[in-house]
file start06.txt (compact mmCIF, C-alpha atoms)
# COMPACT_ATOMS: atom_id res chain seq x y z
CA MET A 7 4.18 -38.56 -53.00
CA SER A 8 0.40 -38.60 -53.33
CA TRP A 9 -1.59 -37.59 -50.26
CA PHE A 10 -4.90 -38.78 -51.72
CA LYS A 11 -6.27 -41.98 -53.22
CA ARG A 12 -9.39 -42.53 -55.27
CA LYS A 13 -11.93 -45.12 -54.21
CA ASP A 14 -14.92 -45.44 -56.52
CA SER A 15 -16.17 -41.87 -56.96
CA ASN A 16 -14.96 -40.60 -53.58
CA ILE A 17 -11.61 -38.99 -52.77
CA GLN A 18 -10.17 -39.99 -49.42
CA THR A 19 -7.11 -38.93 -47.48
CA ASP A 20 -4.60 -41.60 -46.51
CA LYS A 21 -4.87 -40.72 -42.84
CA LYS A 22 -7.78 -39.52 -40.79
CA LYS A 23 -7.04 -36.15 -39.24
CA ASP A 24 -8.39 -35.87 -35.70
CA MET A 25 -9.44 -32.44 -34.44
CA PRO A 26 -7.36 -31.62 -31.34
CA GLU A 27 -9.47 -31.15 -28.22
CA GLY A 28 -10.00 -27.61 -26.97
CA ILE A 29 -9.23 -25.91 -30.28
CA TRP A 30 -12.85 -24.83 -30.85
CA ILE A 31 -14.75 -23.45 -27.88
CA LYS A 32 -18.51 -23.04 -27.56
CA VAL A 33 -19.79 -19.61 -26.55
CA PRO A 34 -22.53 -20.11 -23.89
CA ALA A 35 -24.34 -16.90 -24.83
CA THR A 36 -24.84 -17.82 -28.49
CA GLY A 37 -24.10 -21.52 -28.94
CA GLU A 38 -21.59 -20.62 -31.66
CA THR A 39 -18.02 -21.88 -31.66
CA ILE A 40 -14.85 -19.81 -31.77
CA HIS A 41 -11.21 -20.74 -32.24
CA LYS A 42 -9.25 -20.81 -29.00
CA ARG A 43 -6.46 -18.67 -30.46
CA GLU A 44 -8.91 -15.91 -31.40
CA LEU A 45 -10.34 -15.96 -27.87
CA GLU A 46 -6.89 -15.73 -26.29
CA GLU A 47 -5.94 -12.81 -28.53
CA ASN A 48 -9.11 -10.99 -27.40
CA LEU A 49 -8.46 -11.74 -23.69
CA TRP A 50 -11.09 -14.48 -23.61
CA VAL A 51 -13.92 -12.25 -24.78
CA ASP A 52 -16.07 -13.38 -27.72
CA PRO A 53 -15.71 -10.61 -30.35
CA ALA A 54 -19.18 -11.27 -31.79
CA SER A 55 -21.37 -11.37 -28.67
CA GLY A 56 -19.08 -9.74 -26.10
CA TYR A 57 -19.45 -12.75 -23.79
CA HIS A 58 -16.70 -12.71 -21.15
CA PHE A 59 -15.30 -16.16 -20.38
CA ARG A 60 -14.10 -16.65 -16.83
CA ILE A 61 -10.32 -16.40 -16.47
CA GLY A 62 -7.98 -16.50 -13.48
CA SER A 63 -5.00 -14.74 -11.96
CA ARG A 64 -2.59 -16.13 -14.54
CA GLU A 65 -4.48 -14.43 -17.38
CA TYR A 66 -5.29 -11.18 -15.55
CA PHE A 67 -1.68 -10.70 -14.48
CA SER A 68 -0.48 -11.37 -18.03
CA PHE A 69 -2.27 -8.34 -19.49
CA LEU A 70 -2.62 -5.95 -16.54
CA PHE A 71 1.05 -5.92 -15.52
CA ASP A 72 3.34 -4.30 -18.09
CA GLU A 73 4.78 -7.08 -20.25
CA GLY A 74 3.18 -9.52 -17.81
CA ALA A 75 6.09 -9.05 -15.39
CA PHE A 76 5.49 -9.03 -11.64
CA GLU A 77 6.93 -10.18 -8.33
CA GLU A 78 4.65 -12.51 -6.41
CA LEU A 79 3.94 -11.75 -2.76
CA ALA A 80 2.71 -14.03 0.04
CA ALA A 81 3.19 -17.21 -2.00
CA ASP A 82 4.65 -18.86 1.10
CA ILE A 83 1.33 -18.54 2.98
CA LEU A 84 -0.27 -21.96 2.51
CA PRO A 85 -3.58 -23.54 3.60
CA SER A 86 -3.99 -26.02 6.44
CA ASP A 87 -6.89 -27.96 7.94
CA PRO A 88 -7.17 -26.73 11.54
CA LEU A 89 -10.70 -28.08 12.00
CA GLU A 90 -9.97 -31.46 10.36
CA PHE A 91 -13.14 -30.91 8.38
CA VAL A 92 -14.79 -33.74 6.45
CA ASP A 93 -17.78 -33.59 4.10
CA ARG A 94 -17.78 -35.87 1.04
CA LYS A 95 -14.01 -36.04 1.49
CA LYS A 96 -11.40 -34.73 3.88
CA TYR A 97 -10.68 -31.02 3.46
CA SER A 98 -6.95 -31.80 3.47
CA ASP A 99 -7.50 -34.20 0.54
CA ARG A 100 -9.64 -31.64 -1.27
CA LEU A 101 -6.89 -29.05 -0.92
CA ALA A 102 -4.25 -31.45 -2.24
CA ASP A 103 -6.42 -32.54 -5.18
CA THR A 104 -7.30 -28.96 -6.13
CA GLN A 105 -3.69 -27.82 -5.89
CA LYS A 106 -2.64 -30.64 -8.20
CA LYS A 107 -5.47 -29.98 -10.66
CA THR A 108 -5.08 -26.19 -10.89
CA GLY A 109 -1.40 -25.64 -10.19
CA LEU A 110 -2.48 -23.06 -7.59
CA THR A 111 -1.85 -23.19 -3.85
CA ASP A 112 -5.05 -21.33 -2.89
CA ALA A 113 -7.79 -19.10 -4.31
CA CYS A 114 -5.86 -15.81 -4.33
CA ARG A 115 -2.53 -14.64 -5.75
CA VAL A 116 -0.80 -11.32 -5.14
CA GLY A 117 1.70 -9.58 -7.38
CA LYS A 118 3.48 -6.23 -7.43
CA GLY A 119 4.65 -4.56 -10.60
CA SER A 120 3.74 -1.76 -12.96
CA LEU A 121 0.53 -1.02 -14.85
CA ASP A 122 1.13 1.55 -17.59
CA LYS A 123 4.17 2.60 -15.54
CA HIS A 124 2.08 3.03 -12.37
CA GLU A 125 3.55 0.97 -9.54
CA VAL A 126 0.69 -1.16 -8.18
CA VAL A 127 -0.21 -4.19 -6.10
CA ILE A 128 -2.75 -6.54 -7.67
CA ALA A 129 -4.52 -9.32 -5.78
CA CYS A 130 -6.57 -11.66 -7.94
CA MET A 131 -8.88 -14.49 -6.91
CA ASP A 132 -9.16 -17.77 -8.79
CA PHE A 133 -12.61 -19.34 -9.07
CA ALA A 134 -11.00 -22.60 -10.21
CA PHE A 135 -9.73 -23.14 -6.65
CA ILE A 136 -12.74 -24.40 -4.66
CA GLY A 137 -15.04 -21.82 -6.23
CA GLY A 138 -12.77 -18.92 -5.31
CA SER A 139 -13.90 -19.37 -1.73
CA MET A 140 -12.38 -17.09 0.88
CA GLY A 141 -10.56 -18.97 3.61
CA SER A 142 -7.75 -18.01 5.96
CA VAL A 143 -5.08 -17.99 3.26
CA VAL A 144 -7.11 -15.71 0.98
CA GLY A 145 -7.67 -13.30 3.87
CA GLU A 146 -4.01 -13.33 4.85
CA ARG A 147 -2.74 -12.87 1.29
CA LEU A 148 -5.14 -9.97 0.80
CA SER A 149 -3.89 -8.50 4.08
CA VAL A 150 -0.31 -8.73 2.80
CA ALA A 151 -1.38 -6.98 -0.41
CA ILE A 152 -3.13 -4.19 1.52
CA ASP A 153 -0.21 -3.76 3.93
CA HIS A 154 2.30 -3.62 1.08
CA ALA A 155 0.23 -0.96 -0.69
CA ARG A 156 -0.07 1.06 2.53
CA GLU A 157 3.58 0.81 3.53
CA ASN A 158 4.83 1.70 0.03
CA LYS A 159 2.03 4.19 -0.69
CA ILE A 160 1.08 2.60 -4.01
CA PRO A 161 -2.40 1.83 -5.39
CA LEU A 162 -4.13 -1.48 -4.69
CA ILE A 163 -6.25 -3.42 -7.17
CA ILE A 164 -8.29 -6.45 -6.09
CA ILE A 165 -9.95 -8.64 -8.73
CA SER A 166 -12.81 -10.61 -7.19
CA GLN A 167 -14.46 -13.85 -8.31
CA SER A 168 -15.86 -16.01 -5.55
CA GLY A 169 -18.70 -18.11 -4.29
CA GLY A 170 -18.20 -16.64 -0.82
CA ALA A 171 -16.65 -17.84 2.43
CA ARG A 172 -15.04 -21.29 2.56
CA MET A 173 -17.38 -23.45 4.62
CA MET A 174 -14.65 -26.01 5.40
CA GLU A 175 -12.99 -23.40 7.62
CA SER A 176 -16.22 -22.35 9.36
CA VAL A 177 -15.86 -19.23 11.53
CA LEU A 178 -12.19 -18.85 10.52
CA SER A 179 -13.32 -17.98 7.00
CA LEU A 180 -15.96 -15.53 8.25
CA MET A 181 -13.30 -13.70 10.26
CA GLN A 182 -11.62 -12.75 6.99
CA LEU A 183 -14.49 -10.37 6.14
CA ALA A 184 -13.76 -8.19 9.16
CA LYS A 185 -10.01 -8.59 8.78
CA THR A 186 -9.84 -7.41 5.17
CA SER A 187 -12.40 -4.65 5.67
CA SER A 188 -10.52 -3.21 8.66
CA LYS A 189 -7.25 -3.33 6.72
CA LEU A 190 -8.88 -1.41 3.86
CA ALA A 191 -10.10 1.20 6.35
CA LEU A 192 -6.44 1.85 7.26
CA LEU A 193 -5.60 2.15 3.56
CA ASP A 194 -8.42 4.64 3.09
CA LYS A 195 -7.29 6.65 6.12
CA GLU A 196 -3.95 7.22 4.41
CA LYS A 197 -5.71 8.12 1.14
CA ILE A 198 -4.09 5.35 -0.87
CA PRO A 199 -6.25 4.35 -3.88
CA PHE A 200 -8.08 1.03 -3.94
CA ILE A 201 -9.76 -0.09 -7.17
CA SER A 202 -12.10 -3.07 -6.92
CA VAL A 203 -12.62 -5.09 -10.11
CA ILE A 204 -15.61 -7.41 -9.82
CA THR A 205 -15.92 -10.36 -12.19
CA ASN A 206 -18.28 -13.27 -12.74
CA PRO A 207 -19.33 -14.53 -10.25
CA THR A 208 -18.76 -12.51 -7.07
CA THR A 209 -21.11 -13.51 -4.27
CA GLY A 210 -21.42 -14.11 -0.53
CA GLY A 211 -18.94 -12.73 1.97
CA VAL A 212 -16.62 -11.33 -0.69
CA THR A 213 -19.41 -9.05 -1.96
CA ALA A 214 -20.28 -8.21 1.65
CA SER A 215 -16.73 -7.09 2.37
CA TYR A 216 -13.84 -5.87 0.24
CA ALA A 217 -15.38 -6.24 -3.24
CA MET A 218 -17.73 -3.30 -2.63
CA LEU A 219 -15.29 -1.08 -0.71
CA GLY A 220 -13.28 0.33 -3.61
CA ASP A 221 -12.70 4.00 -4.25
CA PHE A 222 -13.90 2.86 -7.66
CA ASN A 223 -15.97 -0.29 -8.10
CA ILE A 224 -15.61 -1.65 -11.63
CA ALA A 225 -17.31 -4.74 -13.06
CA GLU A 226 -17.01 -6.74 -16.24
CA PRO A 227 -20.17 -6.96 -18.42
CA GLY A 228 -22.74 -9.59 -17.50
CA ALA A 229 -21.11 -10.53 -14.20
CA LEU A 230 -23.24 -12.12 -11.47
CA ILE A 231 -22.76 -9.99 -8.35
CA GLY A 232 -24.69 -10.39 -5.12
CA PHE A 233 -24.78 -11.70 -1.58
CA ALA A 234 -27.25 -14.58 -1.59
CA GLY A 235 -28.04 -16.36 -4.85
CA PRO A 236 -31.20 -15.55 -6.85
CA ARG A 237 -32.83 -18.88 -5.95
CA VAL A 238 -32.35 -18.30 -2.20
CA ILE A 239 -33.70 -14.75 -2.44
CA ARG A 240 -36.72 -15.90 -4.46
CA GLN A 241 -37.54 -18.55 -1.87
CA THR A 242 -37.07 -16.06 0.98
CA ILE A 243 -39.26 -13.24 -0.33
CA GLY A 244 -41.70 -15.49 -2.18
CA ARG A 245 -41.80 -13.50 -5.40
CA ASP A 246 -40.12 -13.32 -8.79
CA LEU A 247 -37.05 -11.16 -9.12
CA PRO A 248 -36.63 -8.30 -11.62
CA GLU A 249 -35.18 -9.22 -15.01
CA GLY A 250 -31.39 -9.09 -14.98
CA PHE A 251 -31.33 -8.99 -11.17
CA GLN A 252 -27.78 -9.21 -9.72
CA THR A 253 -26.06 -8.62 -13.05
CA SER A 254 -23.42 -5.91 -13.25
CA GLU A 255 -25.74 -3.89 -15.52
CA TYR A 256 -28.52 -3.98 -12.90
CA LEU A 257 -26.12 -2.95 -10.14
CA LEU A 258 -24.74 -0.07 -12.21
CA GLU A 259 -28.26 1.21 -12.82
CA HIS A 260 -28.99 1.09 -9.07
CA GLY A 261 -25.81 2.82 -7.95
CA PHE A 262 -23.73 -0.06 -6.62
CA LEU A 263 -21.05 0.24 -9.33
CA ASP A 264 -19.15 3.12 -10.85
CA PHE A 265 -18.31 1.57 -14.22
CA ILE A 266 -18.78 -1.49 -16.38
CA VAL A 267 -15.64 -2.04 -18.44
CA LYS A 268 -15.00 -4.62 -21.14
CA ARG A 269 -11.93 -6.70 -20.39
CA PRO A 270 -9.84 -5.55 -23.39
CA LYS A 271 -10.24 -1.95 -22.14
CA MET A 272 -9.73 -2.73 -18.44
CA LYS A 273 -6.02 -1.84 -18.26
CA SER A 274 -6.43 1.52 -20.00
CA LYS A 275 -9.44 2.38 -17.80
CA ILE A 276 -7.57 1.60 -14.58
CA SER A 277 -4.58 3.59 -15.85
CA ARG A 278 -6.80 6.63 -16.52
CA LEU A 279 -8.32 6.39 -13.04
CA LEU A 280 -4.86 6.21 -11.47
CA ASN A 281 -3.80 9.27 -13.47
CA ILE A 282 -6.83 11.15 -12.12
CA LEU A 283 -6.17 10.07 -8.54
CA ASN A 284 -2.47 10.90 -8.74
CA SER A 285 -3.21 14.39 -10.03
CA HIS A 286 -5.07 15.34 -6.83

call {"tool": "encode", "arguments": {"input": "start06.txt", "output": "structure tokens"}}
result
Amino acid sequence: MSWFKRKDSNIQTDKKKDMPEGIWIKVPATGETIHKRELEENLWVDPASGYHFRIGSREYFSFLFDEGAFEELAADILPSDPLEFVDRKKYSDRLADTQKKTGLTDACRVGKGSLDKHEVVIACMDFAFIGGSMGSVVGERLSVAIDHARENKIPLIIISQSGGARMMESVLSLMQLAKTSSKLALLDKEKIPFISVITNPTTGGVTASYAMLGDFNIAEPGALIGFAGPRVIRQTIGRDLPEGFQTSEYLLEHGFLDFIVKRPKMKSKISRLLNILNSH
């Protein structure tokens, strides 16, 4: 069978081959394209530029837990709409639409398992769920993670990515800052390790609470980390901000972070830290 036919001086295929969507992905930092499979194999980090694409709990759990195996905790804690909040749409409708779109029930998942044979609890936020905003469910799931780590005397890892508190829950979301911070104080009192991994972006109340309370604060390269956004700060102080302001590199230079770690080396770095902590 011939797969080609000749028409005048041109050679044409019998069928037009369409390029499947999502196979080639544009790298924001360079404008170049990279094959999706190559990105996945490198944990969604562009090998050429080092640009870290945003990923969620599904991906972090897959490479931090040994063989990607874990038991999920607090999955039965689900969001509600106690204030019957409405902006452009009902909050209850927004929750239902986001759950359907993402396959997630809220902006945080908790798993327990092993990391390089260290028994750990990992809580990871998902920016895809209403900007990773921290509402009552996020606070309660984090509390379950902290309590489980404290009761079983195993290290806690929290991976942050968030736009801040969830405005649709008003003061109920703000209460989660105090709740999680006080829980972490109990963990610290019993000298149980807490490693905070800060990814792009981590802002607002999450930065103002648990994200910066780790025994070690680790960030991925190029992550936006801060409380208020650069535009708000610029308008408030009426002056231009330093170059690279609120990036993980800037925060490391000014003492807010302990390490910047590339994602492919994150698991081995956390494992080394746990080895150090366990030896004391």

call {"tool": "closest_residue", "arguments": {"input": "start06.txt", "among": "A:His154, A:Lys96, A:Arg147, A:Arg245", "to": "Lys118 (chain A)", "atoms": "all atoms listed in the file"}}
result
A:His154

call {"tool": "closest_residue", "arguments": {"input": "start06.txt", "among": "A:Asp264, A:Asp132, A:Asp221, A:Asp246", "to": "Thr108 (chain A)", "atoms": "only C-alpha atoms"}}
result
A:Asp132

call {"tool": "closest_residue", "arguments": {"input": "start06.txt", "among": "A:Lys271, A:Met140, A:Trp30, A:Lys185", "to": "Asn48 (chain A)", "atoms": "all atoms listed in the file"}}
result
A:Lys271

call {"tool": "closest_residue", "arguments": {"input": "start06.txt", "among": "A:Ile243, A:Ala225, A:Ile282, A:Leu230", "to": "Val267 (chain A)", "atoms": "all atoms listed in the file"}}
result
A:Ala225

call {"tool": "atom_distance", "arguments": {"input": "start06.txt", "atom1": "CA of Pro85 (chain A)", "atom2": "CA of Thr213 (chain A)"}}
result
22.2 Å

call {"tool": "atom_distance", "arguments": {"input": "start06.txt", "atom1": "CA of Lys42 (chain A)", "atom2": "CA of Gly28 (chain A)"}}
result
7.1 Å

call {"tool": "closest_residue", "arguments": {"input": "start06.txt", "among": "A:Met272, A:Ile239, A:Ile136, A:Leu190", "to": "Ser215 (chain A)", "atoms": "only C-alpha atoms"}}
result
A:Leu190

call {"tool": "residues_around", "arguments": {"input": "start06.txt", "residues": "Glu73 (chain A)", "least_positions_apart": "4", "cutoff": "10 Å", "atoms": "all atoms listed in the file", "output": "ChimeraX atom specification"}}
result
/A:67-69,119-122

call {"tool": "residues_around", "arguments": {"input": "start06.txt", "residues": "Ala54 (chain A)", "least_positions_apart": "3", "cutoff": "10 Å", "atoms": "only C-alpha atoms", "output": "MDAnalysis selection string"}}
result
chainID A and resid 33 36 38 40 51 57

call {"tool": "residues_around", "arguments": {"input": "start06.txt", "residues": "Asp112 (chain A)", "least_positions_apart": "4", "cutoff": "10 Å", "atoms": "only C-alpha atoms", "output": "PyMOL selection string"}}
result
chain A and resi 81+83-85+101+104-105+108+131-136+138-144+147

call {"tool": "closest_atom_pairs", "arguments": {"input": "start06.txt", "of": "region 131-169 of chain A", "to": "region 194-210 of chain A", "cutoff": "9 Å", "atoms": "all atoms listed in the file", "output": "tab-separated table"}}
result
residue	atom	partner	partner_atom	distance
A:Phe133	CA	A:Pro207	CA	8.3
A:Gly138	CA	A:Thr208	CA	8.9
A:Ala155	CA	A:Ile198	CA	7.6
A:Arg156	CA	A:Ile198	CA	6.8
A:Lys159	CA	A:Ile198	CA	6.2
A:Ile160	CA	A:Ile198	CA	6.6
A:Pro161	CA	A:Pro199	CA	4.8
A:Leu162	CA	A:Phe200	CA	4.7
A:Ile163	CA	A:Ile201	CA	4.8
A:Ile164	CA	A:Ser202	CA	5.2
A:Ile165	CA	A:Val203	CA	4.7
A:Ser166	CA	A:Ile204	CA	5.0
A:Gln167	CA	A:Thr208	CA	4.7
A:Ser168	CA	A:Thr208	CA	4.8
A:Gly169	CA	A:Thr209	CA	5.2

call {"tool": "atom_distance", "arguments": {"input": "start06.txt", "atom1": "CA of Glu44 (chain A)", "atom2": "CA of Arg278 (chain A)"}}
result
27.1 Å

call {"tool": "build_atoms", "arguments": {"input": "start06.txt", "residues": "region 210-230 of chain A", "atoms": "N, CA and C atoms", "output": "JSON list (two decimals), in the coordinates of the input"}}
result
[["chain", "number", "residue", "atom", "x", "y", "z"],
["A", 210, "GLY", "N", -21.65, -13.78, -1.93],
["A", 210, "GLY", "CA", -21.42, -14.11, -0.53],
["A", 210, "GLY", "C", -20.58, -13.09, 0.19],
["A", 211, "GLY", "N", -19.72, -13.59, 1.09],
["A", 211, "GLY", "CA", -18.94, -12.73, 1.97],
["A", 211, "GLY", "C", -17.97, -11.82, 1.26],
["A", 212, "VAL", "N", -17.53, -12.19, 0.06],
["A", 212, "VAL", "CA", -16.62, -11.33, -0.69],
["A", 212, "VAL", "C", -17.35, -10.06, -1.13],
["A", 213, "THR", "N", -18.59, -10.22, -1.61],
["A", 213, "THR", "CA", -19.41, -9.05, -1.96],
["A", 213, "THR", "C", -19.71, -8.22, -0.72],
["A", 214, "ALA", "N", -19.92, -8.90, 0.41],
["A", 214, "ALA", "CA", -20.28, -8.21, 1.65],
["A", 214, "ALA", "C", -19.09, -7.53, 2.31],
["A", 215, "SER", "N", -17.90, -7.72, 1.77],
["A", 215, "SER", "CA", -16.73, -7.09, 2.37],
["A", 215, "SER", "C", -15.96, -6.29, 1.34],
["A", 216, "TYR", "N", -14.76, -6.72, 0.99],
["A", 216, "TYR", "CA", -13.84, -5.87, 0.24],
["A", 216, "TYR", "C", -14.25, -5.58, -1.20],
["A", 217, "ALA", "N", -15.04, -6.45, -1.84],
["A", 217, "ALA", "CA", -15.38, -6.24, -3.24],
["A", 217, "ALA", "C", -16.14, -4.94, -3.47],
["A", 218, "MET", "N", -16.91, -4.50, -2.48],
["A", 218, "MET", "CA", -17.73, -3.30, -2.63],
["A", 218, "MET", "C", -17.14, -2.09, -1.91],
["A", 219, "LEU", "N", -15.88, -2.16, -1.50],
["A", 219, "LEU", "CA", -15.29, -1.08, -0.71],
["A", 219, "LEU", "C", -14.28, -0.24, -1.50],
["A", 220, "GLY", "N", -14.25, -0.40, -2.81],
["A", 220, "GLY", "CA", -13.28, 0.33, -3.61],
["A", 220, "GLY", "C", -13.56, 1.82, -3.67],
["A", 221, "ASP", "N", -12.50, 2.60, -3.90],
["A", 221, "ASP", "CA", -12.70, 4.00, -4.25],
["A", 221, "ASP", "C", -13.43, 4.07, -5.59],
["A", 222, "PHE", "N", -13.12, 3.10, -6.44],
["A", 222, "PHE", "CA", -13.90, 2.86, -7.66],
["A", 222, "PHE", "C", -14.24, 1.39, -7.69],
["A", 223, "ASN", "N", -15.52, 1.09, -7.93],
["A", 223, "ASN", "CA", -15.97, -0.29, -8.10],
["A", 223, "ASN", "C", -16.27, -0.51, -9.58],
["A", 224, "ILE", "N", -15.49, -1.38, -10.20],
["A", 224, "ILE", "CA", -15.61, -1.65, -11.63],
["A", 224, "ILE", "C", -16.04, -3.09, -11.82],
["A", 225, "ALA", "N", -16.91, -3.36, -12.78],
["A", 225, "ALA", "CA", -17.31, -4.74, -13.06],
["A", 225, "ALA", "C", -17.17, -5.03, -14.55],
["A", 226, "GLU", "N", -16.97, -6.30, -14.85],
["A", 226, "GLU", "CA", -17.01, -6.74, -16.24],
["A", 226, "GLU", "C", -18.47, -6.91, -16.66],
["A", 227, "PRO", "N", -18.77, -6.82, -17.95],
["A", 227, "PRO", "CA", -20.17, -6.96, -18.42],
["A", 227, "PRO", "C", -20.74, -8.33, -18.08],
["A", 228, "GLY", "N", -22.01, -8.34, -17.70],
["A", 228, "GLY", "CA", -22.74, -9.59, -17.50],
["A", 228, "GLY", "C", -22.35, -10.39, -16.29],
["A", 229, "ALA", "N", -21.57, -9.79, -15.38],
["A", 229, "ALA", "CA", -21.11, -10.53, -14.20],
["A", 229, "ALA", "C", -22.26, -10.71, -13.20],
["A", 230, "LEU", "N", -22.31, -11.89, -12.57],
["A", 230, "LEU", "CA", -23.24, -12.12, -11.47],
["A", 230, "LEU", "C", -22.61, -11.58, -10.20]]
